[in-house]
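Everything below belongs to upload.cif, which stores mmCIF, C-alpha atoms, pLDDT in the B column; chains and numbers go by the auth columns.
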```
data_entry
#
loop_
_atom_site.group_PDB
_atom_site.id
_atom_site.type_symbol
_atom_site.label_atom_id
_atom_site.label_comp_id
_atom_site.label_asym_id
_atom_site.label_seq_id
_atom_site.Cartn_x
_atom_site.Cartn_y
_atom_site.Cartn_z
_atom_site.B_iso_or_equiv
_atom_site.auth_seq_id
_atom_site.auth_asym_id
ATOM 1 C CA MET A 1 102.231 86.208 125.833 49.00 1 A
ATOM 2 C CA SER A 2 102.969 87.587 129.279 49.00 2 A
ATOM 3 C CA LYS A 3 100.223 87.935 131.876 59.00 3 A
ATOM 4 C CA GLU A 4 100.199 91.725 131.432 79.00 4 A
ATOM 5 C CA ASN A 5 99.614 91.593 127.673 91.00 5 A
ATOM 6 C CA VAL A 6 96.063 91.766 126.376 96.00 6 A
ATOM 7 C CA ILE A 7 95.018 90.639 122.912 96.00 7 A
ATOM 8 C CA LEU A 8 93.135 93.417 121.145 97.00 8 A
ATOM 9 C CA SER A 9 89.431 92.666 120.812 96.00 9 A
ATOM 10 C CA LYS A 10 87.065 93.197 117.897 96.00 10 A
ATOM 11 C CA ASP A 11 85.787 96.347 119.661 97.00 11 A
ATOM 12 C CA PHE A 12 89.229 97.959 119.339 98.00 12 A
ATOM 13 C CA PHE A 13 88.849 97.870 115.541 98.00 13 A
ATOM 14 C CA SER A 14 85.198 99.026 115.477 97.00 14 A
ATOM 15 C CA ARG A 15 86.311 102.674 115.476 97.00 15 A
ATOM 16 C CA ASP A 16 87.348 104.951 112.629 97.00 16 A
ATOM 17 C CA CYS A 17 90.755 104.195 111.107 98.00 17 A
ATOM 18 C CA LEU A 18 92.006 107.646 112.170 98.00 18 A
ATOM 19 C CA GLU A 19 91.481 106.601 115.807 98.00 19 A
ATOM 20 C CA VAL A 20 92.767 103.042 115.426 98.00 20 A
ATOM 21 C CA ALA A 21 95.919 103.790 113.372 98.00 21 A
ATOM 22 C CA PRO A 22 97.755 105.906 115.975 98.00 22 A
ATOM 23 C CA GLU A 23 96.679 103.574 118.784 98.00 23 A
ATOM 24 C CA LEU A 24 98.162 100.536 117.000 98.00 24 A
ATOM 25 C CA VAL A 25 101.605 102.149 117.158 98.00 25 A
ATOM 26 C CA GLY A 26 103.409 100.552 120.094 98.00 26 A
ATOM 27 C CA LYS A 27 101.292 97.381 120.087 98.00 27 A
ATOM 28 C CA ILE A 28 102.858 93.983 119.352 98.00 28 A
ATOM 29 C CA LEU A 29 102.072 91.976 116.215 98.00 29 A
ATOM 30 C CA VAL A 30 102.406 88.231 116.866 98.00 30 A
ATOM 31 C CA HIS A 31 102.484 85.227 114.550 98.00 31 A
ATOM 32 C CA ARG A 32 102.479 81.797 116.194 97.00 32 A
ATOM 33 C CA LEU A 33 104.034 79.209 113.897 97.00 33 A
ATOM 34 C CA PRO A 34 102.745 75.607 113.710 96.00 34 A
ATOM 35 C CA ASP A 35 105.613 74.460 115.991 97.00 35 A
ATOM 36 C CA GLY A 36 104.502 76.945 118.694 96.00 36 A
ATOM 37 C CA THR A 37 107.280 79.476 118.087 97.00 37 A
ATOM 38 C CA GLU A 38 106.007 83.049 118.372 97.00 38 A
ATOM 39 C CA LEU A 39 107.427 85.683 116.047 98.00 39 A
ATOM 40 C CA ARG A 40 106.807 89.091 117.654 98.00 40 A
ATOM 41 C CA GLU A 41 107.383 92.669 116.564 98.00 41 A
ATOM 42 C CA ARG A 42 106.399 95.987 118.105 98.00 42 A
ATOM 43 C CA ILE A 43 104.490 98.122 115.607 98.00 43 A
ATOM 44 C CA ALA A 44 106.410 101.340 114.909 98.00 44 A
ATOM 45 C CA GLU A 45 104.376 102.785 112.059 98.00 45 A
ATOM 46 C CA THR A 46 100.873 102.610 110.580 98.00 46 A
ATOM 47 C CA GLU A 47 98.924 104.302 107.800 98.00 47 A
ATOM 48 C CA ALA A 48 95.179 104.973 107.638 97.00 48 A
ATOM 49 C CA TYR A 49 93.128 104.436 104.467 96.00 49 A
ATOM 50 C CA ARG A 50 89.610 105.801 104.698 96.00 50 A
ATOM 51 C CA GLY A 51 86.740 105.228 102.322 91.00 51 A
ATOM 52 C CA GLU A 52 85.955 105.529 98.658 91.00 52 A
ATOM 53 C CA GLU A 53 86.764 109.263 98.725 95.00 53 A
ATOM 54 C CA ASP A 54 90.390 108.513 99.753 91.00 54 A
ATOM 55 C CA LYS A 55 92.100 108.185 96.362 90.00 55 A
ATOM 56 C CA ALA A 56 94.912 106.141 97.966 89.00 56 A
ATOM 57 C CA CYS A 57 92.489 103.570 99.430 92.00 57 A
ATOM 58 C CA HIS A 58 91.906 100.397 97.418 89.00 58 A
ATOM 59 C CA ALA A 59 88.159 101.098 97.765 90.00 59 A
ATOM 60 C CA SER A 60 88.465 104.387 95.831 93.00 60 A
ATOM 61 C CA LYS A 61 87.329 102.502 92.710 90.00 61 A
ATOM 62 C CA GLY A 62 84.358 100.992 94.565 89.00 62 A
ATOM 63 C CA ARG A 63 83.488 97.404 95.381 91.00 63 A
ATOM 64 C CA THR A 64 85.496 94.777 93.548 90.00 64 A
ATOM 65 C CA PRO A 65 86.385 91.179 94.402 88.00 65 A
ATOM 66 C CA ARG A 66 89.730 92.503 95.750 86.00 66 A
ATOM 67 C CA THR A 67 88.158 95.197 97.966 90.00 67 A
ATOM 68 C CA GLU A 68 85.079 93.318 99.185 92.00 68 A
ATOM 69 C CA LEU A 69 86.711 92.610 102.580 92.00 69 A
ATOM 70 C CA LEU A 70 87.145 96.360 103.185 93.00 70 A
ATOM 71 C CA TYR A 71 83.361 96.780 103.180 95.00 71 A
ATOM 72 C CA GLY A 72 82.817 94.014 105.698 93.00 72 A
ATOM 73 C CA GLU A 73 83.407 93.264 109.340 96.00 73 A
ATOM 74 C CA ASN A 74 86.059 95.157 111.283 97.00 74 A
ATOM 75 C CA GLY A 75 88.983 93.359 112.882 97.00 75 A
ATOM 76 C CA ILE A 76 89.536 91.284 109.754 97.00 76 A
ATOM 77 C CA ILE A 77 93.010 90.937 108.244 97.00 77 A
ATOM 78 C CA TYR A 78 93.278 92.359 104.716 96.00 78 A
ATOM 79 C CA ILE A 79 96.489 91.243 103.027 95.00 79 A
ATOM 80 C CA TYR A 80 97.386 92.008 99.460 91.00 80 A
ATOM 81 C CA LEU A 81 100.307 91.300 97.181 86.00 81 A
ATOM 82 C CA CYS A 82 102.250 94.432 96.223 84.00 82 A
ATOM 83 C CA TYR A 83 104.305 94.439 93.001 74.00 83 A
ATOM 84 C CA GLY A 84 103.486 90.746 92.661 70.00 84 A
ATOM 85 C CA MET A 85 105.971 89.774 95.382 81.00 85 A
ATOM 86 C CA HIS A 86 105.416 91.529 98.742 91.00 86 A
ATOM 87 C CA TRP A 87 102.594 90.761 101.193 95.00 87 A
ATOM 88 C CA LEU A 88 101.272 93.864 103.003 96.00 88 A
ATOM 89 C CA MET A 89 99.069 93.486 106.090 97.00 89 A
ATOM 90 C CA ASN A 90 96.133 95.726 106.956 97.00 90 A
ATOM 91 C CA VAL A 91 93.350 95.407 109.509 98.00 91 A
ATOM 92 C CA ILE A 92 89.822 96.517 108.591 97.00 92 A
ATOM 93 C CA THR A 93 88.327 99.162 110.885 97.00 93 A
ATOM 94 C CA GLY A 94 85.114 101.114 111.287 95.00 94 A
ATOM 95 C CA GLU A 95 81.526 100.226 110.538 94.00 95 A
ATOM 96 C CA GLU A 96 80.454 97.547 108.097 94.00 96 A
ATOM 97 C CA GLY A 97 79.775 99.040 104.671 93.00 97 A
ATOM 98 C CA THR A 98 82.315 101.845 105.198 93.00 98 A
ATOM 99 C CA PRO A 99 85.572 100.685 103.585 96.00 99 A
ATOM 100 C CA GLN A 100 88.587 101.583 105.672 97.00 100 A
ATOM 101 C CA GLY A 101 91.598 100.015 107.250 96.00 101 A
ATOM 102 C CA VAL A 102 95.030 100.436 108.732 98.00 102 A
ATOM 103 C CA LEU A 103 98.251 99.298 107.067 97.00 103 A
ATOM 104 C CA ILE A 104 100.820 97.913 109.495 98.00 104 A
ATOM 105 C CA ARG A 105 103.675 99.810 107.850 97.00 105 A
ATOM 106 C CA ALA A 106 106.732 99.026 109.985 97.00 106 A
ATOM 107 C CA GLY A 107 108.039 97.418 113.113 97.00 107 A
ATOM 108 C CA VAL A 108 110.810 98.556 115.423 97.00 108 A
ATOM 109 C CA ARG A 109 113.284 96.200 113.699 97.00 109 A
ATOM 110 C CA PHE A 110 111.733 96.053 110.229 97.00 110 A
ATOM 111 C CA ASN A 111 111.372 99.377 108.415 94.00 111 A
ATOM 112 C CA GLY A 112 108.817 98.548 105.764 93.00 112 A
ATOM 113 C CA PRO A 113 105.531 96.675 105.398 95.00 113 A
ATOM 114 C CA ALA A 114 107.042 93.967 103.175 95.00 114 A
ATOM 115 C CA LYS A 115 110.056 93.454 105.453 96.00 115 A
ATOM 116 C CA LEU A 116 107.701 93.191 108.425 97.00 116 A
ATOM 117 C CA THR A 117 105.415 90.529 106.936 97.00 117 A
ATOM 118 C CA LYS A 118 108.413 88.599 105.592 97.00 118 A
ATOM 119 C CA ALA A 119 110.158 88.618 108.999 97.00 119 A
ATOM 120 C CA LEU A 120 106.966 87.444 110.722 97.00 120 A
ATOM 121 C CA ALA A 121 106.135 84.884 107.979 97.00 121 A
ATOM 122 C CA ILE A 122 102.744 86.498 107.367 97.00 122 A
ATOM 123 C CA THR A 123 101.391 85.752 103.884 96.00 123 A
ATOM 124 C CA GLY A 124 98.185 85.967 101.917 95.00 124 A
ATOM 125 C CA GLU A 125 96.891 82.834 103.637 96.00 125 A
ATOM 126 C CA PHE A 126 95.706 85.094 106.493 97.00 126 A
ATOM 127 C CA ASN A 127 93.598 87.330 104.234 96.00 127 A
ATOM 128 C CA GLY A 128 90.018 87.378 105.544 96.00 128 A
ATOM 129 C CA GLN A 129 90.850 85.943 108.993 97.00 129 A
ATOM 130 C CA PRO A 130 90.011 87.821 112.198 97.00 130 A
ATOM 131 C CA VAL A 131 92.934 89.339 114.076 97.00 131 A
ATOM 132 C CA TYR A 132 90.966 89.398 117.352 94.00 132 A
ATOM 133 C CA ASP A 133 90.049 85.707 117.649 90.00 133 A
ATOM 134 C CA ASN A 134 92.925 83.940 116.008 90.00 134 A
ATOM 135 C CA ASN A 135 95.389 81.405 117.350 93.00 135 A
ATOM 136 C CA GLU A 136 97.955 82.222 114.661 96.00 136 A
ATOM 137 C CA VAL A 137 98.065 86.017 114.149 97.00 137 A
ATOM 138 C CA TRP A 138 97.000 88.634 116.683 98.00 138 A
ATOM 139 C CA ILE A 139 97.949 92.010 118.153 98.00 139 A
ATOM 140 C CA GLU A 140 98.774 92.497 121.828 97.00 140 A
ATOM 141 C CA ASP A 141 98.788 95.538 124.095 98.00 141 A
ATOM 142 C CA ASP A 142 101.435 95.496 126.828 97.00 142 A
ATOM 143 C CA GLY A 143 100.710 99.057 127.958 96.00 143 A
ATOM 144 C CA PHE A 144 103.568 100.702 126.062 96.00 144 A
ATOM 145 C CA ARG A 145 102.551 104.122 124.699 95.00 145 A
ATOM 146 C CA PRO A 146 105.179 105.818 122.515 97.00 146 A
ATOM 147 C CA GLN A 147 105.135 109.447 121.492 97.00 147 A
ATOM 148 C CA ILE A 148 103.751 109.629 117.947 97.00 148 A
ATOM 149 C CA LYS A 149 104.405 111.974 115.053 98.00 149 A
ATOM 150 C CA THR A 150 102.446 112.182 111.807 98.00 150 A
ATOM 151 C CA ALA A 151 103.663 112.328 108.213 97.00 151 A
ATOM 152 C CA PRO A 152 102.287 111.855 104.700 96.00 152 A
ATOM 153 C CA ARG A 153 101.657 108.292 103.592 95.00 153 A
ATOM 154 C CA VAL A 154 104.290 106.577 101.446 93.00 154 A
ATOM 155 C CA GLY A 155 104.185 105.433 97.822 89.00 155 A
ATOM 156 C CA ILE A 156 100.836 106.925 96.834 90.00 156 A
ATOM 157 C CA ASP A 157 101.783 109.670 94.362 89.00 157 A
ATOM 158 C CA TYR A 158 99.058 108.339 92.044 90.00 158 A
ATOM 159 C CA ALA A 159 96.393 109.564 94.505 93.00 159 A
ATOM 160 C CA GLY A 160 96.896 113.266 93.755 87.00 160 A
ATOM 161 C CA GLU A 161 98.332 116.123 95.817 90.00 161 A
ATOM 162 C CA TYR A 162 95.655 116.301 98.522 92.00 162 A
ATOM 163 C CA TRP A 163 95.626 112.581 99.296 94.00 163 A
ATOM 164 C CA LYS A 164 99.395 112.233 98.863 91.00 164 A
ATOM 165 C CA ASP A 165 100.126 115.016 101.336 94.00 165 A
ATOM 166 C CA ILE A 166 97.551 114.279 104.041 96.00 166 A
ATOM 167 C CA GLU A 167 99.301 113.191 107.258 97.00 167 A
ATOM 168 C CA TRP A 168 97.639 109.843 107.906 97.00 168 A
ATOM 169 C CA ARG A 169 100.901 108.055 108.663 97.00 169 A
ATOM 170 C CA PHE A 170 101.563 107.523 112.372 98.00 170 A
ATOM 171 C CA ILE A 171 105.146 106.917 113.522 98.00 171 A
ATOM 172 C CA ALA A 172 106.614 106.104 116.929 97.00 172 A
ATOM 173 C CA CYS A 173 109.174 108.742 117.853 94.00 173 A
ATOM 174 C CA LYS A 174 112.587 107.379 118.680 80.00 174 A
ATOM 175 C CA GLU A 175 113.475 107.751 122.320 64.00 175 A
ATOM 176 C CA GLU A 176 116.335 110.136 123.105 51.00 176 A
ATOM 177 C CA LYS A 177 119.414 108.433 124.566 47.00 177 A
#
```
Write the structure described by the file as structure tokens, please.
Amino acid sequence: MSKENVILSKDFFSRDCLEVAPELVGKILVHRLPDGTELRERIAETEAYRGEEDKACHASKGRTPRTELLYGENGIIYIYLCYGMHWLMNVITGEEGTPQGVLIRAGVRFNGPAKLTKALAITGEFNGQPVYDNNEVWIEDDGFRPQIKTAPRVGIDYAGEYWKDIEWRFIACKEEK
């Protein structure tokens, strides 16, 4: 980590997911391996998932052993296995008891949530760990602020038209050359 970079604190994640998700775009996701090597990727895309009313949110079916973390403390990593083979990383946001979080959907070099976690060697072992006070996985702010566009979330057709079409996906715009 350079001297200018700041690790995001728990307070950053204490806000609503619709505030946190766009602000995570441009930040740097870091995984420090046991040998000290740091795998780093700038976040290029996020998606917000907000409460039991959001039919695309895992909490839409209420509290279950799988979703219990979503109802807890903010700033906690929520990782789940998708299709039985891909780890997807989220960070819990908002107030305790209000299930919501932000999916880290893509990096600058890795255009999907599974490719991102695979490239950074992030697995289910980090589920339930804090992202703000962690020597292995954290998110840094180096001051970079990209332009952001919104779009519908991906892969949630099951949630119905309203929830499928809502623009809670936040994407860094590519810089013109």
Could the residues of region 107-137 of chain A that have an atom at most 10 Å from region 3-21 of chain A be listed as a tab-separated table, each with its closest atom pair and the distance in Å to one decimal, counting only C-alpha atoms and ordered by chain and ascending residue number?
```
residue	atom	partner	partner_atom	distance
A:Pro130	CA	A:Lys10	CA	8.4
A:Val131	CA	A:Lys10	CA	8.0
A:Tyr132	CA	A:Ser9	CA	5.0
A:Asp133	CA	A:Ser9	CA	7.7
A:Asn134	CA	A:Ile7	CA	9.8
```
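Considering the residues A:Val30, A:Cys173, A:Cys57, A:Ile104 and counting all atoms listed in the file, Ile156 (chain A) has its shortest atom-to-atom contact with A:Cys57.
The space between CA of Leu88 (chain A) and CA of Lys115 (chain A) spans 9.1 Å.
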Original post:
Can you list, as an MDAnalysis selection string, the residues that the PyMOL selection byres ((chain A and resi 62) around 10) selects here?
Top reply: chainID A and resid 51:53 57:61 63:64 67:68 71 99
Suppose we keep C-alpha atoms; can you now write the selection as a PDB file, in the frame of the given file?
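What follows is the written file again_34.pdb:
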```pdb
ATOM      1  CA  GLY A  51      86.740 105.228 102.322  1.00 91.00           C
ATOM      2  CA  GLU A  52      85.955 105.529  98.658  1.00 91.00           C
ATOM      3  CA  GLU A  53      86.764 109.263  98.725  1.00 95.00           C
ATOM      4  CA  CYS A  57      92.489 103.570  99.430  1.00 92.00           C
ATOM      5  CA  HIS A  58      91.906 100.397  97.418  1.00 89.00           C
ATOM      6  CA  ALA A  59      88.159 101.098  97.765  1.00 90.00           C
ATOM      7  CA  SER A  60      88.465 104.387  95.831  1.00 93.00           C
ATOM      8  CA  LYS A  61      87.329 102.502  92.710  1.00 90.00           C
ATOM      9  CA  ARG A  63      83.488  97.404  95.381  1.00 91.00           C
ATOM     10  CA  THR A  64      85.496  94.777  93.548  1.00 90.00           C
ATOM     11  CA  THR A  67      88.158  95.197  97.966  1.00 90.00           C
ATOM     12  CA  GLU A  68      85.079  93.318  99.185  1.00 92.00           C
ATOM     13  CA  TYR A  71      83.361  96.780 103.180  1.00 95.00           C
ATOM     14  CA  PRO A  99      85.572 100.685 103.585  1.00 96.00           C
TER      15      PRO A  99
END
```
I'd like the box whose edges run along x, y and z of the file and which contains every listed atom of region 144-147 of chain A, padded by 6 Å per side; could you state its centre and edge lengths in Å, one decimal, as AutoDock Vina command-line options?
```
--center_x 103.9 --center_y 105.1 --center_z 123.8 --size_x 14.6 --size_y 20.7 --size_z 16.6
```
Subject >> region 36-45 of chain A surroundings by all atoms listed in the file, 6 Å radius, close-in-sequence under 6 positions cut, as a PyMOL selection string >> reply: chain A and resi 25-30+105-108+120+170-172
Original post:
Contacts of region 75-86 of chain A at 7 Å or less, counting only C-alpha atoms, minus same-chain residues fewer than 3 places along, as a count of residues only?
Top reply: 17
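CA of Pro22 (chain A) to CA of Ile166 (chain A) spans 14.6 Å [interatomic distance, one decimal].
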**OP:** Excluding Lys55 (chain A) and residues on its chain fewer than 5 positions from it, collect all residues at most 8 Å away from it, counting only C-alpha atoms, and give them as an NGL selection string.
**Re:** :A and (60 or 159-160 or 163)
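The closest residue to Glu161 (chain A), picked from A:Leu103, A:Ala121, A:Ala56, A:Leu24 and counting all atoms listed in the file, is A:Ala56.
Here CA of Pro65 (chain A) is placed at a distance of 19.1 Å from CA of Glu95 (chain A).
You can rank A:Pro34, A:Gly101, A:Pro152, A:Gly94 by their closest distance to Glu136 (chain A) using only C-alpha atoms, and at the top of that list sits A:Pro34.
With all atoms listed in the file as the atoms that count, the residue of A:Arg50, A:Val137, A:Asp142, A:Lys118 with the shortest distance to Arg32 (chain A) is A:Val137.
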